>>> print(open('entry_38.cif').read())   # mmCIF, C-alpha atoms
data_my_file
loop_
_atom_site.label_atom_id
_atom_site.label_comp_id
_atom_site.auth_asym_id
_atom_site.auth_seq_id
_atom_site.Cartn_x
_atom_site.Cartn_y
_atom_site.Cartn_z
CA MET A 1 -25.69 28.96 -34.28
CA THR A 2 -23.13 26.15 -34.13
CA GLY A 3 -19.50 25.79 -35.02
CA LEU A 4 -18.42 29.41 -34.73
CA ARG A 5 -14.70 29.83 -35.34
CA VAL A 6 -13.02 32.92 -33.88
CA LEU A 7 -9.68 34.60 -34.47
CA VAL A 8 -8.66 36.98 -31.68
CA VAL A 9 -5.90 39.39 -32.69
CA GLY A 10 -3.47 40.31 -29.91
CA SER A 11 -1.05 38.80 -27.43
CA GLY A 12 -1.92 39.92 -23.90
CA GLY A 13 -4.05 39.03 -20.91
CA ARG A 14 -7.18 40.51 -22.45
CA GLU A 15 -6.85 38.23 -25.48
CA HIS A 16 -6.21 35.12 -23.37
CA ALA A 17 -9.25 35.98 -21.23
CA LEU A 18 -11.38 36.34 -24.38
CA GLN A 19 -10.15 32.97 -25.66
CA LEU A 20 -11.00 31.32 -22.33
CA ALA A 21 -14.51 32.80 -22.47
CA PHE A 22 -14.98 31.55 -26.02
CA ALA A 23 -13.80 28.11 -24.89
CA ARG A 24 -16.67 28.02 -22.37
CA ASP A 25 -19.23 28.80 -25.11
CA PRO A 26 -20.68 25.59 -26.59
CA ALA A 27 -21.52 27.48 -29.79
CA VAL A 28 -17.81 28.16 -30.44
CA ALA A 29 -15.94 25.35 -32.16
CA ALA A 30 -12.51 26.98 -31.87
CA ALA A 31 -10.94 30.28 -30.82
CA HIS A 32 -7.34 31.04 -31.70
CA VAL A 33 -5.24 34.04 -30.65
CA ALA A 34 -2.48 35.52 -32.79
CA PRO A 35 0.28 36.40 -32.21
CA GLY A 36 -0.71 35.11 -28.77
CA ASN A 37 1.41 33.88 -25.87
CA PRO A 38 2.17 30.53 -24.21
CA GLY A 39 -1.22 30.45 -22.50
CA THR A 40 -3.18 31.01 -25.72
CA TRP A 41 -0.97 28.64 -27.70
CA ARG A 42 -1.63 25.83 -25.22
CA LEU A 43 -5.36 26.34 -25.50
CA SER A 44 -5.18 26.55 -29.31
CA GLN A 45 -3.36 23.23 -29.49
CA SER A 46 -6.29 21.58 -27.73
CA GLN A 47 -8.78 22.80 -30.35
CA ASP A 48 -9.64 21.57 -33.81
CA SER A 49 -8.04 23.81 -36.43
CA PRO A 50 -8.30 23.74 -40.24
CA ALA A 51 -4.75 25.12 -40.24
CA GLY A 52 -3.53 21.90 -38.64
CA PRO A 53 -1.45 21.50 -35.47
CA SER A 54 1.78 22.16 -37.38
CA GLN A 55 0.54 25.66 -38.15
CA LEU A 56 0.23 26.56 -34.48
CA PRO A 57 1.29 28.51 -32.49
CA LEU A 58 0.62 31.63 -34.52
CA ALA A 59 3.30 33.82 -32.99
CA ASP A 60 4.60 35.43 -36.16
CA LEU A 61 1.49 37.52 -36.96
CA ASP A 62 1.89 41.30 -37.03
CA PRO A 63 -1.41 42.77 -35.71
CA LEU A 64 -0.84 45.88 -37.82
CA ASP A 65 -0.59 43.85 -41.05
CA GLY A 66 -4.16 43.74 -42.32
CA ALA A 67 -3.40 41.44 -45.24
CA ALA A 68 -1.73 38.93 -42.93
CA VAL A 69 -4.65 39.03 -40.49
CA VAL A 70 -7.15 38.43 -43.30
CA ALA A 71 -5.05 35.58 -44.71
CA LEU A 72 -4.82 33.90 -41.30
CA ALA A 73 -8.55 34.33 -40.66
CA ARG A 74 -9.28 32.61 -43.97
CA ARG A 75 -6.80 29.81 -43.28
CA LEU A 76 -8.48 29.20 -39.91
CA GLU A 77 -11.92 29.47 -41.57
CA ALA A 78 -12.79 32.10 -38.97
CA SER A 79 -16.37 33.33 -39.01
CA LEU A 80 -15.52 36.18 -36.60
CA VAL A 81 -12.40 38.27 -36.07
CA VAL A 82 -12.06 40.03 -32.70
CA ILE A 83 -9.41 42.75 -32.47
CA GLY A 84 -7.99 43.09 -28.96
CA PRO A 85 -5.46 45.96 -28.77
CA GLU A 86 -6.10 49.62 -29.44
CA ALA A 87 -3.19 50.30 -31.82
CA PRO A 88 -4.46 48.06 -34.66
CA LEU A 89 -7.95 49.50 -34.25
CA VAL A 90 -6.72 53.08 -34.49
CA ALA A 91 -4.60 52.04 -37.50
CA GLY A 92 -7.68 50.71 -39.33
CA LEU A 93 -7.38 46.93 -39.01
CA ALA A 94 -11.15 46.52 -38.56
CA ASP A 95 -11.73 48.37 -41.83
CA GLU A 96 -9.40 46.00 -43.69
CA VAL A 97 -11.00 42.91 -42.18
CA ARG A 98 -14.52 44.08 -43.06
CA ALA A 99 -13.43 45.06 -46.58
CA ALA A 100 -12.38 41.43 -47.04
CA GLY A 101 -15.93 40.32 -46.26
CA LEU A 102 -15.25 38.97 -42.77
CA ALA A 103 -17.33 39.69 -39.68
CA CYS A 104 -15.24 41.82 -37.33
CA PHE A 105 -15.75 42.93 -33.73
CA GLY A 106 -14.01 46.26 -33.31
CA PRO A 107 -14.57 49.86 -34.43
CA SER A 108 -13.38 51.48 -37.63
CA ALA A 109 -10.32 53.72 -37.60
CA ALA A 110 -12.57 56.79 -37.63
CA ALA A 111 -14.62 55.56 -34.67
CA ALA A 112 -11.51 54.36 -32.79
CA GLN A 113 -10.43 57.99 -32.47
CA LEU A 114 -12.54 57.98 -29.30
CA GLU A 115 -9.44 56.37 -27.77
CA GLY A 116 -6.86 57.51 -30.30
CA SER A 117 -7.33 61.17 -29.37
CA LYS A 118 -8.41 62.48 -25.98
CA GLN A 119 -9.40 65.77 -27.59
CA PHE A 120 -11.56 64.03 -30.19
CA ALA A 121 -13.38 62.22 -27.37
CA LYS A 122 -13.92 65.53 -25.56
CA GLU A 123 -15.43 67.03 -28.71
CA VAL A 124 -17.82 64.11 -29.17
CA MET A 125 -18.86 64.24 -25.51
CA ALA A 126 -19.54 67.97 -25.78
CA GLU A 127 -21.70 67.43 -28.85
CA ALA A 128 -23.57 64.55 -27.19
CA GLY A 129 -24.07 66.29 -23.84
CA VAL A 130 -22.07 63.65 -21.97
CA PRO A 131 -20.79 64.79 -18.53
CA THR A 132 -17.00 64.95 -18.32
CA ALA A 133 -14.23 67.02 -16.75
CA ALA A 134 -13.62 70.56 -17.95
CA SER A 135 -10.44 70.61 -20.02
CA PHE A 136 -8.05 72.45 -22.30
CA TYR A 137 -6.28 71.08 -25.37
CA CYS A 138 -2.66 72.25 -25.32
CA THR A 139 0.06 72.08 -27.95
CA THR A 140 2.44 74.79 -26.66
CA ALA A 141 4.22 75.44 -23.39
CA GLU A 142 2.30 78.69 -23.00
CA GLN A 143 -1.04 76.91 -23.30
CA VAL A 144 0.10 74.32 -20.75
CA VAL A 145 1.02 77.02 -18.23
CA ALA A 146 -2.33 78.76 -18.69
CA ALA A 147 -4.24 75.50 -18.24
CA LEU A 148 -2.33 74.57 -15.10
CA ASP A 149 -3.02 78.04 -13.71
CA GLU A 150 -6.73 77.66 -14.47
CA PHE A 151 -7.23 74.36 -12.67
CA GLY A 152 -4.55 74.33 -9.99
CA PRO A 153 -3.30 71.22 -8.22
CA PRO A 154 -3.68 68.31 -8.33
CA TYR A 155 -2.79 68.58 -12.00
CA VAL A 156 -4.20 66.09 -14.53
CA VAL A 157 -2.17 65.92 -17.76
CA LYS A 158 -3.11 63.41 -20.46
CA ASN A 159 -1.24 62.50 -23.59
CA ASP A 160 -3.66 63.21 -26.44
CA GLY A 161 -2.65 60.02 -28.29
CA LEU A 162 -2.21 56.36 -27.44
CA ALA A 163 0.19 55.66 -24.58
CA ALA A 164 -0.46 52.03 -23.60
CA GLY A 165 -2.44 53.08 -20.54
CA LYS A 166 0.45 55.11 -19.13
CA GLY A 167 -0.07 58.54 -20.69
CA VAL A 168 -1.84 60.12 -17.72
CA LEU A 169 -0.07 62.01 -14.94
CA VAL A 170 -1.92 63.13 -11.82
CA THR A 171 0.40 65.11 -9.58
CA GLY A 172 0.70 68.02 -7.21
CA ASP A 173 4.14 68.80 -8.66
CA ARG A 174 3.74 71.60 -11.19
CA GLN A 175 7.18 71.04 -12.74
CA ALA A 176 6.44 67.35 -13.21
CA ALA A 177 3.16 68.26 -14.89
CA ARG A 178 4.93 70.65 -17.28
CA ALA A 179 7.63 68.08 -18.03
CA HIS A 180 5.05 65.40 -18.83
CA ALA A 181 3.24 67.78 -21.15
CA ALA A 182 6.50 68.62 -22.90
CA ASP A 183 7.30 64.93 -23.38
CA CYS A 184 3.87 64.25 -24.85
CA GLY A 185 3.60 67.21 -27.21
CA ALA A 186 -0.18 67.52 -27.56
CA VAL A 187 -2.00 67.06 -24.25
CA VAL A 188 -5.39 67.46 -22.64
CA ILE A 189 -5.19 69.16 -19.24
CA GLU A 190 -8.33 68.87 -17.16
CA GLU A 191 -9.82 69.49 -13.77
CA PHE A 192 -9.23 66.87 -11.11
CA LEU A 193 -12.23 64.62 -10.47
CA ASP A 194 -12.83 63.40 -6.93
CA GLY A 195 -14.62 60.23 -5.92
CA PRO A 196 -14.10 56.55 -6.82
CA GLU A 197 -13.43 55.53 -10.40
CA VAL A 198 -15.29 52.69 -12.10
CA SER A 199 -15.31 51.09 -15.54
CA LEU A 200 -18.35 50.15 -17.58
CA PHE A 201 -18.02 48.21 -20.85
CA ALA A 202 -20.83 48.29 -23.39
CA LEU A 203 -21.22 46.19 -26.52
CA THR A 204 -22.69 48.06 -29.46
CA ASP A 205 -23.45 47.40 -33.13
CA GLY A 206 -23.57 51.10 -33.94
CA THR A 207 -27.23 51.48 -33.01
CA SER A 208 -28.10 49.23 -30.07
CA ALA A 209 -25.96 48.81 -26.96
CA THR A 210 -25.91 46.51 -23.95
CA PRO A 211 -23.77 46.81 -20.79
CA LEU A 212 -21.43 44.37 -19.11
CA LEU A 213 -20.94 44.35 -15.34
CA PRO A 214 -19.36 47.47 -13.84
CA ALA A 215 -15.84 46.90 -12.51
CA GLN A 216 -13.14 48.82 -10.68
CA ASP A 217 -9.46 48.65 -11.55
CA PHE A 218 -6.33 49.82 -9.75
CA LYS A 219 -3.92 52.01 -11.72
CA ARG A 220 -1.13 52.75 -9.27
CA ALA A 221 1.73 50.26 -8.97
CA GLY A 222 1.82 50.06 -5.17
CA ASP A 223 -0.50 49.20 -2.31
CA GLY A 224 -2.71 52.01 -1.10
CA GLY A 225 -2.64 53.71 -4.49
CA GLN A 226 1.03 54.63 -4.18
CA GLY A 227 3.65 54.67 -6.90
CA PRO A 228 3.51 55.45 -10.61
CA ASN A 229 0.52 55.08 -12.90
CA THR A 230 0.29 51.75 -14.77
CA GLY A 231 -1.96 50.05 -17.27
CA GLY A 232 -3.76 48.43 -14.31
CA MET A 233 -2.65 46.18 -11.44
CA GLY A 234 -5.94 44.39 -10.78
CA ALA A 235 -9.71 44.62 -10.98
CA TYR A 236 -12.88 43.21 -9.49
CA THR A 237 -16.59 42.93 -10.10
CA PRO A 238 -19.36 43.43 -9.07
CA LEU A 239 -19.20 46.63 -7.02
CA PRO A 240 -21.16 46.06 -3.79
CA TRP A 241 -20.90 49.73 -2.86
CA ALA A 242 -22.08 51.21 -6.16
CA PRO A 243 -25.60 52.56 -6.71
CA ASP A 244 -28.02 49.96 -8.07
CA ASN A 245 -28.78 52.18 -11.04
CA LEU A 246 -25.14 52.72 -12.02
CA ALA A 247 -25.22 50.70 -15.25
CA SER A 248 -28.56 52.07 -16.40
CA GLU A 249 -27.51 55.66 -15.68
CA VAL A 250 -24.25 55.23 -17.58
CA MET A 251 -26.07 53.71 -20.53
CA THR A 252 -28.63 56.54 -20.60
CA ARG A 253 -26.27 59.45 -20.00
CA VAL A 254 -22.99 58.28 -21.55
CA ILE A 255 -23.05 55.23 -23.82
CA GLU A 256 -26.28 55.75 -25.76
CA PRO A 257 -25.69 59.48 -26.44
CA THR A 258 -22.14 58.77 -27.57
CA VAL A 259 -23.20 55.94 -29.89
CA ALA A 260 -25.94 58.15 -31.34
CA GLN A 261 -23.54 61.07 -31.86
CA MET A 262 -20.98 58.88 -33.59
CA ALA A 263 -23.72 57.71 -35.97
CA ARG A 264 -24.75 61.30 -36.65
CA ARG A 265 -21.15 62.11 -37.50
CA GLY A 266 -21.18 59.38 -40.13
CA THR A 267 -18.70 57.25 -38.19
CA PRO A 268 -20.89 54.68 -36.39
CA PHE A 269 -19.20 52.90 -33.51
CA SER A 270 -19.44 49.11 -33.58
CA GLY A 271 -17.53 47.10 -31.00
CA LEU A 272 -16.71 47.58 -27.32
CA LEU A 273 -17.06 51.07 -25.87
CA TYR A 274 -15.32 51.33 -22.50
CA ALA A 275 -16.28 54.25 -20.29
CA GLY A 276 -13.85 55.12 -17.52
CA LEU A 277 -15.94 57.00 -14.98
CA ALA A 278 -15.58 59.03 -11.80
CA LEU A 279 -18.46 59.10 -9.32
CA THR A 280 -17.72 62.58 -8.08
CA SER A 281 -19.28 64.77 -5.41
CA ARG A 282 -20.95 66.61 -8.29
CA GLY A 283 -22.25 63.48 -9.99
CA LEU A 284 -21.19 61.12 -12.76
CA ARG A 285 -18.29 62.20 -15.01
CA VAL A 286 -16.47 60.43 -17.85
CA VAL A 287 -12.71 60.21 -17.31
CA GLU A 288 -11.91 58.59 -20.67
CA PHE A 289 -13.14 56.31 -23.42
CA ASN A 290 -11.41 53.19 -24.66
CA VAL A 291 -12.53 51.34 -27.76
CA ARG A 292 -11.73 47.72 -26.82
CA PHE A 293 -11.97 45.32 -23.93
CA GLY A 294 -10.08 46.88 -21.03
CA ASP A 295 -7.21 45.18 -19.30
CA PRO A 296 -7.38 43.89 -16.51
CA GLU A 297 -11.14 44.42 -16.10
CA THR A 298 -11.88 41.91 -18.87
CA GLN A 299 -10.12 39.18 -16.92
CA ALA A 300 -12.39 39.81 -13.91
CA ILE A 301 -15.67 40.34 -15.79
CA LEU A 302 -15.80 37.53 -18.35
CA PRO A 303 -15.72 34.58 -15.89
CA LEU A 304 -19.12 35.74 -14.59
CA LEU A 305 -20.71 35.90 -18.07
CA GLU A 306 -23.33 33.17 -18.46
CA THR A 307 -24.42 34.14 -21.98
CA GLY A 308 -22.23 32.69 -24.71
CA LEU A 309 -19.64 35.29 -25.73
CA GLY A 310 -19.50 34.11 -29.34
CA GLU A 311 -23.16 34.72 -30.05
CA VAL A 312 -23.07 38.18 -28.50
CA LEU A 313 -19.96 39.46 -30.28
CA LEU A 314 -21.09 38.05 -33.63
CA ALA A 315 -24.45 39.80 -33.20
CA ALA A 316 -22.68 43.08 -32.44
CA ALA A 317 -20.36 42.63 -35.42
CA THR A 318 -23.25 41.97 -37.81
CA GLY A 319 -25.76 44.59 -36.64
CA ARG A 320 -28.07 42.19 -34.81
CA LEU A 321 -27.50 43.11 -31.18
CA ASP A 322 -31.15 44.10 -30.77
CA THR A 323 -32.21 40.50 -31.46
CA LEU A 324 -30.62 39.33 -28.21
CA GLY A 325 -32.05 39.70 -24.73
CA PRO A 326 -30.18 41.04 -21.70
CA LEU A 327 -26.93 39.30 -20.87
CA ALA A 328 -27.08 36.62 -18.16
CA TRP A 329 -24.55 36.63 -15.33
CA ARG A 330 -23.42 34.05 -12.80
CA PRO A 331 -23.79 34.96 -9.11
CA GLY A 332 -20.81 35.77 -6.95
CA ALA A 333 -17.71 37.90 -7.36
CA SER A 334 -14.61 37.79 -9.53
CA LEU A 335 -11.17 39.25 -8.96
CA ALA A 336 -8.02 39.63 -11.09
CA VAL A 337 -4.63 40.36 -9.52
CA VAL A 338 -1.80 41.31 -11.88
CA MET A 339 1.65 39.84 -11.40
CA ALA A 340 4.09 42.32 -12.95
CA ALA A 341 7.82 42.14 -13.64
CA ALA A 342 10.18 44.11 -11.42
CA GLY A 343 10.67 47.62 -12.76
CA TYR A 344 7.19 47.96 -14.25
CA PRO A 345 5.81 50.44 -15.33
CA GLY A 346 9.37 51.44 -16.19
CA PRO A 347 11.60 49.04 -18.13
CA PRO A 348 10.60 45.62 -16.76
CA ARG A 349 13.04 42.88 -15.84
CA GLN A 350 12.72 40.26 -18.56
CA GLY A 351 13.45 36.54 -18.51
CA GLY A 352 12.52 35.78 -14.89
CA ARG A 353 11.47 32.14 -14.41
CA ILE A 354 7.86 31.41 -13.45
CA GLU A 355 6.93 28.11 -11.82
CA GLY A 356 4.08 26.74 -9.76
CA PRO A 357 0.68 25.07 -9.98
CA GLY A 358 -2.10 26.21 -12.26
CA LEU A 359 -0.02 28.02 -14.85
CA PHE A 360 -1.89 26.34 -17.71
CA GLU A 361 -4.92 24.69 -16.08
CA PRO A 362 -7.34 26.11 -13.50
CA VAL A 363 -6.82 24.92 -9.93
CA ASP A 364 -9.28 25.34 -7.04
CA GLY A 365 -11.36 27.98 -8.79
CA VAL A 366 -8.33 30.01 -9.90
CA GLN A 367 -7.44 30.64 -13.55
CA ILE A 368 -4.04 32.09 -14.42
CA VAL A 369 -4.30 34.28 -17.49
CA HIS A 370 -1.11 34.84 -19.48
CA ALA A 371 -0.19 38.38 -20.52
CA GLY A 372 3.54 39.07 -20.90
CA THR A 373 4.92 35.52 -20.89
CA ALA A 374 7.21 33.58 -23.22
CA LEU A 375 9.02 30.24 -23.41
CA ASP A 376 12.80 30.22 -23.19
CA SER A 377 15.06 27.97 -25.27
CA ALA A 378 14.46 25.12 -22.84
CA GLY A 379 10.68 25.52 -23.00
CA ARG A 380 10.41 27.07 -19.54
CA LEU A 381 7.90 29.83 -18.81
CA VAL A 382 9.52 33.25 -18.32
CA ALA A 383 8.51 36.90 -18.02
CA ALA A 384 8.46 38.76 -21.33
CA GLY A 385 6.60 41.97 -20.56
CA GLY A 386 5.57 44.43 -17.87
CA ARG A 387 2.31 42.85 -16.78
CA VAL A 388 3.10 39.14 -16.89
CA LEU A 389 0.17 37.18 -15.40
CA ASP A 390 -3.36 37.78 -14.14
CA VAL A 391 -4.41 35.55 -11.26
CA VAL A 392 -8.20 35.36 -11.59
CA ALA A 393 -10.40 33.90 -8.87
CA GLY A 394 -14.10 33.70 -8.20
CA GLY A 395 -16.08 33.25 -5.02
CA ALA A 396 -19.42 33.74 -3.35
CA ASP A 397 -18.27 37.25 -2.44
CA LEU A 398 -15.19 39.41 -2.75
CA GLN A 399 -13.66 38.13 0.46
CA ALA A 400 -13.76 34.57 -0.86
CA ALA A 401 -12.40 35.61 -4.26
CA ARG A 402 -9.55 37.52 -2.60
CA ARG A 403 -8.60 34.55 -0.42
CA ARG A 404 -8.41 32.27 -3.43
CA ALA A 405 -6.44 34.68 -5.59
CA TYR A 406 -3.81 35.54 -3.00
CA ALA A 407 -3.48 31.92 -1.86
CA ALA A 408 -2.72 31.00 -5.48
CA ILE A 409 -0.15 33.78 -5.73
CA GLU A 410 1.61 32.38 -2.65
CA GLN A 411 2.02 29.08 -4.53
CA LEU A 412 3.76 30.71 -7.49
CA ASN A 413 7.53 30.89 -7.74
CA PHE A 414 8.17 34.16 -9.60
CA PRO A 415 11.09 35.85 -7.81
CA THR A 416 11.29 38.78 -10.23
CA GLY A 417 7.54 39.47 -10.07
CA PHE A 418 5.42 41.60 -7.78
CA CYS A 419 1.75 42.41 -7.21
CA ARG A 420 -0.48 44.69 -5.20
CA HIS A 421 -1.87 43.05 -2.10
CA ASP A 422 -4.92 45.28 -1.67
CA ILE A 423 -6.97 44.58 -4.81
CA ALA A 424 -10.65 44.88 -3.80
CA GLN A 425 -9.71 45.00 -0.10
CA LEU A 426 -11.66 48.14 0.78
CA ALA A 427 -14.71 46.94 -1.13
CA ALA A 428 -14.55 43.51 0.49
CA GLU A 429 -14.35 45.12 3.93
CA GLY A 430 -17.21 47.52 3.23
CA GLN A 431 -14.99 50.60 3.42
CA ILE A 432 -16.09 52.26 0.16
CA GLY A 433 -19.19 54.43 -0.14
CA PRO A 434 -21.79 55.58 -0.03
CA VAL A 435 -21.12 57.74 -3.06
CA ALA A 436 -22.87 60.93 -4.06
CA PRO A 437 -26.04 60.63 -6.17
CA LEU A 438 -25.33 60.06 -9.83
#
>>> encode(input="entry_38.cif", output="structure tokens")
Amino acid sequence: MTGLRVLVVGSGGREHALQLAFARDPAVAAAHVAPGNPGTWRLSQSQDSPAGPSQLPLADLDPLDGAAVVALARRLEASLVVIGPEAPLVAGLADEVRAAGLACFGPSAAAAQLEGSKQFAKEVMAEAGVPTAASFYCTTAEQVVAALDEFGPPYVVKNDGLAAGKGVLVTGDRQAARAHAADCGAVVIEEFLDGPEVSLFALTDGTSATPLLPAQDFKRAGDGGQGPNTGGMGAYTPLPWAPDNLASEVMTRVIEPTVAQMARRGTPFSGLLYAGLALTSRGLRVVEFNVRFGDPETQAILPLLETGLGEVLLAAATGRLDTLGPLAWRPGASLAVVMAAAGYPGPPRQGGRIEGPGLFEPVDGVQIVHAGTALDSAGRLVAAGGRVLDVVAGGADLQAARRRAYAAIEQLNFPTGFCRHDIAQLAAEGQIGPVAPL
């Protein structure tokens, strides 16, 4: 396969990380991101495009407008469309792209309900025999009270629908739990799961599936797991403390049964199935499913992928995943640290200037991935979202990756930004594990 052209739909760090991975694949001629951000636009300008340089950047695309996505894919002569965010997937963008005769990596609207509804995911897991937390689906205040009584603190209350990674409240405060449930409307209330959480991504064509490296992300805004829940403040891979059979066990007990059950339902799942997991004292449990590349785990995982990303995603999109061998991975460790805007995960402070080395080109083994950035009227880089940048570093081990990432952060001038300073610290220092048998 030569000359693959890819259109990635989205505008965040996940999409920039995908574009960077495609850029490392010699089989990919060009990979453009729309609507994108300053990081993706810069990379697009360096690539050959049938649309011509004057047609880039592609910032005016609405990811929920299927006709516009199809038109852009045709203008770019894209042979593969990759849908990044969850909202367009749940809205049916993949269905529209496939109906136009284009290869698409991403599940149908029906299959995307694995992320679109927590209760739907619970039902599928029950049918498939997948281990997960006991739970209640609640739509009234009375049901919420009964569920909270059943499980006791700490209370776990999840918005049933999409919430941009911020719909989960884990608290010992019963009134806060009830208030969150009231704000959400329909919620899933479940038992608290102890033990470390990990993420495993699997690529699937609806029949076959293959895993990526397990990763661990950090949801709380502050060091030591303090502060409010966020979409993720950093991630790392591999997990030196995890059981050697983690990926194989998750594939056997979670991913493969879920893929098979979705096929039996008549809604086969093709795309990226993300399993958020807890390695509890009672064994492996699924915390949640996502139906797209997770953020910020993607930023940490993809730099270690040796196999060309274009070939793999095209095979998954066209039902040929079983023709490929196992994925190849580079040795070492990879770490992503999120730089967020002050106020996040509440209303973030917008417009803060960002300066420093490596903002558009890798420096000393560090790649800065753009997420919520923009250019002001003078062409200067500024914050334009909650999670603004991902500082991604590799190394022979986690200690080396951490040193590189945090040294790069020290070189940045982003006065209105903040980060956690303990991403992967416990793992690097050997202070996690051993965990209970899976």
>>> closest_atom_pairs(input="entry_38.cif", of="stretch 341-407 of chain A", to="stretch 421-427 of chain A", cutoff="10 Å", atoms="only C-alpha atoms", output="tab-separated table")
residue	atom	partner	partner_atom	distance
A:Leu398	CA	A:Ala424	CA	7.2
A:Gln399	CA	A:Gln425	CA	7.9
A:Ala401	CA	A:Ala424	CA	9.4
A:Arg402	CA	A:Ala424	CA	7.5
A:Ala405	CA	A:Ile423	CA	9.9
A:Tyr406	CA	A:His421	CA	7.8
>>> residues_around(input="entry_38.cif", residues="stretch 64-74 of chain A", least_positions_apart="3", cutoff="7 Å", atoms="only C-alpha atoms", output="list of chain:residue names")
A:Leu7, A:Leu61, A:Glu77, A:Ala78, A:Pro88, A:Leu93, A:Glu96, A:Val97
>>> closest_atom_pairs(input="entry_38.cif", of="stretch 36-142 of chain A", to="stretch 204-225 of chain A", cutoff="12 Å", atoms="only C-alpha atoms", output="Markdown table")
| residue | atom | partner | partner_atom | distance |
| --- | --- | --- | --- | --- |
| A:Ala103 | CA | A:Asp205 | CA | 11.8 |
| A:Cys104 | CA | A:Asp205 | CA | 10.8 |
| A:Phe105 | CA | A:Asp205 | CA | 8.9 |
| A:Gly106 | CA | A:Asp205 | CA | 9.5 |
| A:Pro107 | CA | A:Gly206 | CA | 9.1 |
| A:Ser108 | CA | A:Gly206 | CA | 10.8 |
| A:Ala111 | CA | A:Gly206 | CA | 10.0 |
>>> closest_residue(input="entry_38.cif", among="A:Gly13, A:Pro240, A:Pro296, A:Gly365", to="A:Ala400", atoms="only C-alpha atoms")
A:Gly365
>>> closest_residue(input="entry_38.cif", among="A:Asn245, A:Ser44, A:Thr258, A:Ser79", to="A:Met125", atoms="all atoms listed in the file")
A:Thr258
>>> closest_residue(input="entry_38.cif", among="A:Arg264, A:Ala316, A:Leu273, A:Gln175", to="A:Phe293", atoms="only C-alpha atoms")
A:Leu273
>>> atom_distance(input="entry_38.cif", atom1="atom CA of A:Gly10", atom2="atom CA of A:Leu80")
14.4 Å
>>> build_atoms(input="entry_38.cif", residues="stretch 314-327 of chain A", atoms="N, CA and C atoms", output="PDB file, in the frame of the given file")
ATOM      1  N   LEU A 314     -20.707  38.181 -32.220  1.00  0.00           N
ATOM      2  CA  LEU A 314     -21.090  38.050 -33.630  1.00  0.00           C
ATOM      3  C   LEU A 314     -22.308  38.916 -33.927  1.00  0.00           C
ATOM      4  N   ALA A 315     -23.272  38.961 -33.003  1.00  0.00           N
ATOM      5  CA  ALA A 315     -24.450  39.800 -33.200  1.00  0.00           C
ATOM      6  C   ALA A 315     -24.066  41.273 -33.265  1.00  0.00           C
ATOM      7  N   ALA A 316     -23.128  41.688 -32.404  1.00  0.00           N
ATOM      8  CA  ALA A 316     -22.680  43.080 -32.440  1.00  0.00           C
ATOM      9  C   ALA A 316     -21.937  43.381 -33.739  1.00  0.00           C
ATOM     10  N   ALA A 317     -21.151  42.422 -34.213  1.00  0.00           N
ATOM     11  CA  ALA A 317     -20.360  42.630 -35.420  1.00  0.00           C
ATOM     12  C   ALA A 317     -21.205  42.669 -36.683  1.00  0.00           C
ATOM     13  N   THR A 318     -22.406  42.079 -36.611  1.00  0.00           N
ATOM     14  CA  THR A 318     -23.250  41.970 -37.810  1.00  0.00           C
ATOM     15  C   THR A 318     -24.544  42.766 -37.698  1.00  0.00           C
ATOM     16  N   GLY A 319     -24.610  43.702 -36.737  1.00  0.00           N
ATOM     17  CA  GLY A 319     -25.760  44.590 -36.640  1.00  0.00           C
ATOM     18  C   GLY A 319     -27.020  43.955 -36.116  1.00  0.00           C
ATOM     19  N   ARG A 320     -26.890  42.907 -35.301  1.00  0.00           N
ATOM     20  CA  ARG A 320     -28.070  42.190 -34.810  1.00  0.00           C
ATOM     21  C   ARG A 320     -28.160  42.184 -33.291  1.00  0.00           C
ATOM     22  N   LEU A 321     -27.527  43.136 -32.635  1.00  0.00           N
ATOM     23  CA  LEU A 321     -27.500  43.110 -31.180  1.00  0.00           C
ATOM     24  C   LEU A 321     -28.896  43.232 -30.589  1.00  0.00           C
ATOM     25  N   ASP A 322     -29.789  43.922 -31.299  1.00  0.00           N
ATOM     26  CA  ASP A 322     -31.150  44.100 -30.770  1.00  0.00           C
ATOM     27  C   ASP A 322     -31.974  42.832 -30.806  1.00  0.00           C
ATOM     28  N   THR A 323     -31.485  41.770 -31.439  1.00  0.00           N
ATOM     29  CA  THR A 323     -32.210  40.500 -31.460  1.00  0.00           C
ATOM     30  C   THR A 323     -31.931  39.658 -30.227  1.00  0.00           C
ATOM     31  N   LEU A 324     -30.969  40.073 -29.412  1.00  0.00           N
ATOM     32  CA  LEU A 324     -30.620  39.330 -28.210  1.00  0.00           C
ATOM     33  C   LEU A 324     -31.270  39.962 -26.992  1.00  0.00           C
ATOM     34  N   GLY A 325     -31.534  39.171 -25.988  1.00  0.00           N
ATOM     35  CA  GLY A 325     -32.050  39.700 -24.730  1.00  0.00           C
ATOM     36  C   GLY A 325     -30.910  40.201 -23.860  1.00  0.00           C
ATOM     37  N   PRO A 326     -31.231  40.605 -22.635  1.00  0.00           N
ATOM     38  CA  PRO A 326     -30.180  41.040 -21.700  1.00  0.00           C
ATOM     39  C   PRO A 326     -29.179  39.922 -21.444  1.00  0.00           C
ATOM     40  N   LEU A 327     -27.945  40.291 -21.184  1.00  0.00           N
ATOM     41  CA  LEU A 327     -26.930  39.300 -20.870  1.00  0.00           C
ATOM     42  C   LEU A 327     -27.222  38.646 -19.517  1.00  0.00           C
TER      43      LEU A 327
END
